[in-house]
>>> print(open('protein-v9.cif').read())   # mmCIF, C-alpha atoms
data_coords
#
loop_
_atom_site.label_atom_id
_atom_site.label_comp_id
_atom_site.auth_asym_id
_atom_site.auth_seq_id
_atom_site.Cartn_x
_atom_site.Cartn_y
_atom_site.Cartn_z
CA MET A 962 -6.86 20.23 0.23
CA LEU A 963 -5.89 17.57 2.75
CA ALA A 964 -9.49 17.44 4.03
CA ALA A 965 -10.85 17.01 0.49
CA TYR A 966 -8.78 13.82 0.28
CA ALA A 967 -9.03 12.60 3.88
CA VAL A 968 -12.77 12.96 4.53
CA PRO A 969 -14.04 10.84 1.58
CA ALA A 970 -11.29 8.31 2.32
CA ALA A 971 -12.29 8.02 5.99
CA VAL A 972 -15.98 7.62 5.12
CA GLY A 973 -15.39 5.16 2.26
CA TRP A 974 -12.96 3.01 4.21
CA ALA A 975 -15.12 3.05 7.35
CA ALA A 976 -17.99 1.66 5.24
CA ILE A 977 -15.65 -1.05 3.95
CA GLY A 978 -14.58 -1.79 7.52
CA LEU A 979 -18.21 -2.08 8.55
CA ALA A 980 -19.00 -4.48 5.69
CA LEU A 981 -15.90 -6.63 6.16
CA THR A 982 -16.06 -6.99 9.94
CA ALA A 983 -19.82 -7.65 9.92
CA LEU A 984 -19.02 -10.96 8.25
CA PRO A 985 -17.21 -13.81 10.05
CA LEU A 986 -14.07 -13.44 7.91
CA SER A 987 -11.45 -12.70 10.53
CA ALA A 988 -9.59 -16.02 10.64
CA VAL A 989 -9.81 -16.59 6.88
CA ALA A 990 -8.60 -13.03 6.20
CA LEU A 991 -5.61 -13.57 8.48
CA VAL A 992 -4.56 -16.73 6.61
CA VAL A 993 -5.13 -15.07 3.22
CA ALA A 994 -3.10 -12.04 4.37
CA ALA A 995 -0.19 -14.31 5.34
CA VAL A 996 -0.25 -16.21 2.02
CA TYR A 997 -0.79 -13.04 -0.02
CA GLY A 998 2.02 -11.20 1.80
CA VAL A 999 4.57 -13.97 1.24
CA GLY A 1000 3.52 -14.48 -2.39
CA TYR A 1001 3.33 -10.90 -3.57
CA GLY A 1002 6.23 -9.85 -1.33
CA ALA A 1003 8.43 -12.34 -3.19
CA VAL A 1004 7.02 -11.27 -6.58
CA GLU A 1005 7.69 -7.57 -5.94
CA LEU A 1006 11.10 -8.20 -4.47
CA ALA A 1007 12.10 -10.32 -7.46
CA GLY A 1008 10.86 -7.59 -9.79
CA LEU A 1009 8.51 -9.96 -11.63
CA ALA A 1010 5.82 -8.37 -13.80
CA TRP A 1011 3.43 -11.30 -13.29
CA PRO A 1012 1.14 -11.92 -11.46
CA ARG A 1013 -0.09 -8.35 -11.44
CA PRO A 1014 -1.45 -7.06 -8.13
CA PRO A 1015 -5.23 -7.29 -7.85
CA GLY A 1016 -7.06 -4.05 -8.52
CA ARG A 1017 -8.70 -1.89 -11.11
CA SER A 1018 -7.21 -0.34 -14.25
CA TRP A 1019 -9.58 2.63 -14.31
CA GLN A 1020 -8.15 6.15 -14.42
CA VAL A 1021 -9.96 9.45 -13.86
CA PRO A 1022 -11.50 10.49 -17.21
CA GLN A 1023 -10.39 13.94 -18.39
CA GLY A 1024 -14.03 14.77 -19.15
CA MET A 1025 -14.71 14.95 -15.41
CA LEU A 1026 -12.14 17.71 -15.01
CA ILE A 1027 -12.18 19.71 -18.24
CA GLY A 1028 -13.91 23.04 -17.68
CA ALA A 1029 -14.27 22.41 -13.93
CA GLY A 1030 -13.29 25.11 -11.45
CA ARG A 1031 -10.45 24.65 -8.98
CA GLY A 1032 -12.78 23.75 -6.10
CA ARG A 1033 -14.67 21.12 -8.07
CA ARG A 1034 -11.39 19.74 -9.42
CA VAL A 1035 -10.00 19.28 -5.89
CA LEU A 1036 -13.27 17.64 -4.78
CA VAL A 1037 -13.28 15.22 -7.74
CA TRP A 1038 -9.61 14.33 -7.28
CA GLY A 1039 -10.03 14.05 -3.51
CA ALA A 1040 -13.11 11.83 -3.66
CA ILE A 1041 -11.58 9.51 -6.26
CA LEU A 1042 -7.87 9.47 -5.42
CA GLY A 1043 -8.10 9.86 -1.63
CA PRO A 1044 -9.62 6.44 -0.85
CA GLY A 1045 -7.54 4.86 -3.62
CA LEU A 1046 -10.21 2.25 -4.31
CA PHE A 1047 -11.22 3.23 -7.81
CA THR A 1048 -8.02 3.85 -9.74
CA ARG A 1049 -5.07 1.72 -10.83
CA ASN A 1050 -2.49 0.91 -8.17
CA PRO A 1051 0.75 -0.80 -9.21
CA TYR A 1052 1.71 -1.89 -5.69
CA ALA A 1053 0.41 -5.13 -4.16
CA GLY A 1054 0.49 -3.58 -0.68
CA PHE A 1055 -2.81 -1.83 -1.31
CA ALA A 1056 -4.84 -5.07 -1.53
CA MET A 1057 -3.31 -6.15 1.78
CA LEU A 1058 -5.15 -3.29 3.54
CA PRO A 1059 -8.74 -4.65 3.26
CA LEU A 1060 -7.42 -8.07 4.30
CA LEU A 1061 -5.97 -6.57 7.48
CA VAL A 1062 -9.22 -4.70 8.13
CA ALA A 1063 -11.21 -7.92 7.66
CA ALA A 1064 -8.87 -9.68 10.10
CA ALA A 1065 -9.61 -7.16 12.88
CA GLY A 1066 -12.08 -9.50 14.54
CA SER A 1067 -14.38 -6.87 16.04
CA LEU A 1068 -16.71 -4.38 14.40
CA THR A 1069 -15.42 -1.35 16.34
CA ALA A 1070 -11.75 -2.17 15.78
CA GLY A 1071 -12.38 -2.91 12.09
CA VAL A 1072 -14.20 0.37 11.44
CA TRP A 1073 -11.60 2.44 13.31
CA LEU A 1074 -8.71 0.69 11.57
CA ALA A 1075 -10.37 1.08 8.17
CA ALA A 1076 -10.99 4.81 8.69
CA THR A 1077 -7.40 5.33 9.89
CA VAL A 1078 -6.06 3.39 6.90
CA GLY A 1079 -8.18 5.53 4.58
CA ILE A 1080 -6.94 8.78 6.14
CA ALA A 1081 -3.32 7.57 6.01
CA HIS A 1082 -3.62 6.66 2.32
CA ALA A 1083 -5.33 9.95 1.48
CA CYS A 1084 -2.72 12.04 3.34
CA GLY A 1085 0.11 10.18 1.59
CA ARG A 1086 -1.53 10.77 -1.77
CA ALA A 1087 -2.20 14.46 -1.09
CA LEU A 1088 1.35 15.05 0.18
CA ALA A 1089 2.75 13.43 -2.96
CA LEU A 1090 0.62 15.75 -5.11
CA LEU A 1091 1.78 18.79 -3.12
CA ARG A 1092 5.37 17.66 -3.60
CA ASP A 1093 4.78 17.28 -7.35
CA ALA A 1094 3.24 20.75 -7.50
CA LYS A 1095 6.37 22.25 -5.91
CA ASP A 1096 9.04 20.38 -7.84
CA PRO A 1097 9.25 20.16 -11.62
CA ALA A 1098 8.11 16.86 -13.14
CA ALA A 1099 10.78 14.17 -13.12
CA GLU A 1100 12.09 12.55 -16.30
CA PRO A 1101 10.10 9.44 -17.32
CA PHE A 1102 13.12 7.20 -16.69
CA THR A 1103 13.63 8.63 -13.19
CA LEU A 1104 9.91 8.22 -12.50
CA LEU A 1105 10.02 4.58 -13.61
CA LEU A 1106 13.13 3.94 -11.52
CA ARG A 1107 11.49 5.42 -8.42
CA SER A 1108 8.39 3.33 -9.04
CA LEU A 1109 10.57 0.18 -9.17
CA ARG A 1110 12.27 1.19 -5.90
CA TRP A 1111 8.91 1.72 -4.21
CA ARG A 1112 7.74 -1.65 -5.55
CA MET A 1113 10.75 -3.29 -3.92
CA LEU A 1114 10.10 -1.51 -0.63
CA ASP A 1115 6.46 -2.58 -0.88
CA GLY A 1116 7.69 -6.16 -1.25
CA PHE A 1117 9.77 -5.85 1.95
CA ALA A 1118 6.81 -4.35 3.79
CA LEU A 1119 4.51 -7.15 2.60
CA LEU A 1120 6.95 -9.76 3.92
CA VAL A 1121 7.11 -8.06 7.33
CA VAL A 1122 3.30 -7.91 7.48
CA ALA A 1123 3.10 -11.55 6.33
CA GLY A 1124 5.41 -12.62 9.17
CA ALA A 1125 3.27 -10.80 11.72
CA ALA A 1126 0.09 -12.24 10.15
CA ILE A 1127 1.51 -15.78 10.40
CA MET A 1128 2.17 -15.35 14.14
CA SER A 1129 -1.25 -13.76 14.62
CA ALA A 1130 -2.89 -16.67 12.76
CA VAL A 1131 -0.97 -19.20 14.85
CA GLY A 1132 -2.05 -17.39 18.03
CA ARG A 1133 -5.68 -17.24 16.97
CA LEU A 1134 -6.11 -20.65 15.34
CA GLY A 1135 -3.56 -22.69 17.28
CA MET B 798 14.22 8.43 -24.72
CA THR B 799 17.87 9.10 -23.90
CA VAL B 800 19.19 7.64 -20.69
CA GLN B 801 21.82 9.83 -19.05
CA PRO B 802 24.96 8.24 -17.50
CA GLY B 803 23.99 9.57 -14.07
CA GLU B 804 20.64 7.83 -14.34
CA ARG B 805 22.35 4.55 -15.20
CA GLN B 806 24.48 4.92 -12.05
CA ALA B 807 21.34 5.63 -10.06
CA ALA B 808 19.78 2.48 -11.48
CA SER B 809 22.56 0.32 -10.08
CA ARG B 810 23.14 2.21 -6.86
CA TRP B 811 21.08 0.04 -4.53
CA ALA B 812 22.91 -2.88 -2.98
CA ALA B 813 19.52 -4.60 -2.67
CA ASP B 814 19.41 -4.98 -6.44
CA SER B 815 21.62 -8.09 -6.44
CA PRO B 816 19.67 -11.39 -6.32
CA PHE B 817 21.55 -12.59 -3.22
CA ALA B 818 20.83 -9.37 -1.38
CA LYS B 819 17.16 -9.60 -2.35
CA VAL B 820 16.87 -13.14 -0.96
CA GLY B 821 18.75 -12.19 2.20
CA LEU B 822 16.80 -9.00 2.83
CA GLY B 823 13.51 -10.68 1.95
CA ALA B 824 14.19 -13.46 4.46
CA ALA B 825 15.22 -10.86 7.04
CA ALA B 826 11.96 -8.94 6.45
CA LEU B 827 9.86 -12.09 6.89
CA LEU B 828 11.81 -13.13 9.99
CA SER B 829 11.50 -9.65 11.52
CA GLY B 830 7.73 -9.84 10.99
CA LEU B 831 7.65 -13.27 12.61
CA ALA B 832 9.77 -12.03 15.53
CA ALA B 833 7.61 -8.93 16.01
CA GLY B 834 4.47 -11.09 15.87
CA TRP B 835 5.96 -13.47 18.43
CA LEU B 836 6.92 -10.59 20.75
CA ALA B 837 3.42 -9.14 20.38
CA MET B 838 2.08 -12.62 21.21
CA GLY B 839 -0.01 -12.67 18.04
CA SER B 840 -1.86 -9.51 19.02
CA PHE B 841 -3.82 -7.86 16.23
CA GLY B 842 -2.55 -4.46 17.42
CA LEU B 843 0.75 -5.11 15.66
CA LEU B 844 -0.97 -5.76 12.32
CA ALA B 845 -3.08 -2.63 12.79
CA ALA B 846 0.08 -0.64 13.54
CA LEU B 847 1.72 -1.99 10.37
CA ALA B 848 -1.36 -1.29 8.21
CA VAL B 849 -1.27 2.48 8.78
CA PRO B 850 2.27 3.23 7.48
CA LEU B 851 1.70 0.70 4.69
CA ALA B 852 -1.36 2.71 3.59
CA ALA B 853 0.43 6.06 3.87
CA ALA B 854 3.46 4.86 1.91
CA ASN B 855 1.20 3.32 -0.72
CA GLY B 856 -0.63 6.60 -1.22
CA TYR B 857 2.65 8.52 -1.43
CA ALA B 858 4.31 6.04 -3.79
CA LYS B 859 1.35 5.90 -6.15
CA ALA B 860 2.36 9.32 -7.44
CA TYR B 861 5.43 7.67 -8.97
CA SER B 862 3.48 5.08 -10.92
CA PRO B 863 3.93 5.71 -14.64
#
>>> encode(input="protein-v9.cif", output="structure tokens")
Amino acid sequence: MLAAYAVPAAVGWAAIGLALTALPLSAVALVVAAVYGVGYGAVELAGLAWPRPPGRSWQVPQGMLIGAGRGRRVLVWGAILGPGLFTRNPYAGFAMLPLLVAAAGSLTAGVWLAATVGIAHACGRALALLRDAKDPAAEPFTLLLRSLRWRMLDGFALLVVAGAAIMSAVGRLG
Amino acid sequence: MTVQPGERQAASRWAADSPFAKVGLGAAALLSGLAAGWLAMGSFGLLAALAVPLAAANGYAKAYSP
């Protein structure tokens, strides 16, 4: 199951890495990452509902899964949820990832980082699904509370990344 | 939906929920990033190293999104 998530994620993200690092975006991406990290880090930490993190609101249509066998179901879920690019994501940290890939500065480093990021996201997603399959579904209130906690942690993480991006930008542009 | 007393306690369990703690911890997070970036002398390797756990945690946490 892990491979069904990780392989499409590695391929999809490597293609993104190739596209982003082929363009001369490195310095701009670093500055945008710093501003984005401080801004959305503060928003998530404060628990504000607006501005929403950039991303899509699409969810996997049930029609793609109804009547499908287990193998096809895992493949569809893996190809769509593994890379994490197509479905809704409530955490602003996700949009930071392509910015960091774009800031890599070299094609090889960008593609490797992008593929690693894709695999990491896919493995996290698959492990969460395995955990959910083992444990009974949590109450909606508990689920919401956990989501708020993760949003706060995401805010902390964004601020740490923003600090590192500021120093990297100073080193590169200064 | 009925909220159980235990869940209410869980909702207020984190010390980081107070506004002062949020500001303090947020500033500490930013400063730790700045310090790490300074120690790494602005190397991109640090950002790459931060991107991987950020991606993994994001994938894991997405399962909690309502």
>>> closest_residue(input="protein-v9.cif", among="A:Ala1040, A:Ala988, A:Ile1127, A:Val972", to="chain B", atoms="only C-alpha atoms")
A:Ile1127
>>> closest_atom_pairs(input="protein-v9.cif", of="chain A", to="chain B", cutoff="6 Å", atoms="only C-alpha atoms", output="JSON lines")
{"residue": "A:Val1078", "atom": "CA", "partner": "B:Val849", "partner_atom": "CA", "distance": 5.2}
{"residue": "A:Ala1081", "atom": "CA", "partner": "B:Ala853", "partner_atom": "CA", "distance": 4.6}
{"residue": "A:His1082", "atom": "CA", "partner": "B:Ala853", "partner_atom": "CA", "distance": 4.4}
{"residue": "A:Gly1085", "atom": "CA", "partner": "B:Tyr857", "partner_atom": "CA", "distance": 4.3}
{"residue": "A:Arg1086", "atom": "CA", "partner": "B:Gly856", "partner_atom": "CA", "distance": 4.3}
{"residue": "A:Ala1089", "atom": "CA", "partner": "B:Tyr857", "partner_atom": "CA", "distance": 5.1}
{"residue": "A:Leu1104", "atom": "CA", "partner": "B:Tyr861", "partner_atom": "CA", "distance": 5.7}
{"residue": "A:Ser1108", "atom": "CA", "partner": "B:Tyr861", "partner_atom": "CA", "distance": 5.3}
{"residue": "A:Phe1117", "atom": "CA", "partner": "B:Ala826", "partner_atom": "CA", "distance": 5.9}
{"residue": "A:Leu1120", "atom": "CA", "partner": "B:Leu827", "partner_atom": "CA", "distance": 4.8}
{"residue": "A:Val1121", "atom": "CA", "partner": "B:Gly830", "partner_atom": "CA", "distance": 4.1}
{"residue": "A:Val1122", "atom": "CA", "partner": "B:Gly830", "partner_atom": "CA", "distance": 6.0}
{"residue": "A:Gly1124", "atom": "CA", "partner": "B:Gly830", "partner_atom": "CA", "distance": 4.1}
{"residue": "A:Ala1125", "atom": "CA", "partner": "B:Gly834", "partner_atom": "CA", "distance": 4.3}
{"residue": "A:Met1128", "atom": "CA", "partner": "B:Gly834", "partner_atom": "CA", "distance": 5.1}
{"residue": "A:Ser1129", "atom": "CA", "partner": "B:Gly839", "partner_atom": "CA", "distance": 3.8}
{"residue": "A:Gly1132", "atom": "CA", "partner": "B:Gly839", "partner_atom": "CA", "distance": 5.1}
>>> closest_residue(input="protein-v9.cif", among="A:Gln1023, A:Thr982, A:Ser1018, A:Thr1103", to="A:Trp1073", atoms="all atoms listed in the file")
A:Thr982
>>> atom_distance(input="protein-v9.cif", atom1="atom CA of A:Gly978", atom2="atom CA of A:Phe1055")
14.7 Å
>>> residues_around(input="protein-v9.cif", residues="stretch 1056-1065 of chain A", least_positions_apart="2", cutoff="6 Å", atoms="all atoms listed in the file", output="list in words")
Leu981, Thr982, Ser987, Ala990, Leu991, Ala994, Ala1053, Gly1054, Ser1067, Gly1071 and Ala1075 of chain A
>>> resolve_selection(input="protein-v9.cif", expression="the PyMOL selection byres ((chain A and resi 1046) around 10)", output="JSON list (two decimals) with C-alpha atoms, keeping the file's coordinate frame")
[["chain", "number", "residue", "atom", "x", "y", "z"],
["A", 970, "ALA", "CA", -11.29, 8.31, 2.32],
["A", 973, "GLY", "CA", -15.39, 5.16, 2.26],
["A", 974, "TRP", "CA", -12.96, 3.01, 4.21],
["A", 1016, "GLY", "CA", -7.06, -4.05, -8.52],
["A", 1017, "ARG", "CA", -8.70, -1.89, -11.11],
["A", 1041, "ILE", "CA", -11.58, 9.51, -6.26],
["A", 1042, "LEU", "CA", -7.87, 9.47, -5.42],
["A", 1043, "GLY", "CA", -8.10, 9.86, -1.63],
["A", 1044, "PRO", "CA", -9.62, 6.44, -0.85],
["A", 1045, "GLY", "CA", -7.54, 4.86, -3.62],
["A", 1047, "PHE", "CA", -11.22, 3.23, -7.81],
["A", 1048, "THR", "CA", -8.02, 3.85, -9.74],
["A", 1049, "ARG", "CA", -5.07, 1.72, -10.83],
["A", 1050, "ASN", "CA", -2.49, 0.91, -8.17],
["A", 1055, "PHE", "CA", -2.81, -1.83, -1.31],
["A", 1056, "ALA", "CA", -4.84, -5.07, -1.53],
["A", 1079, "GLY", "CA", -8.18, 5.53, 4.58]]
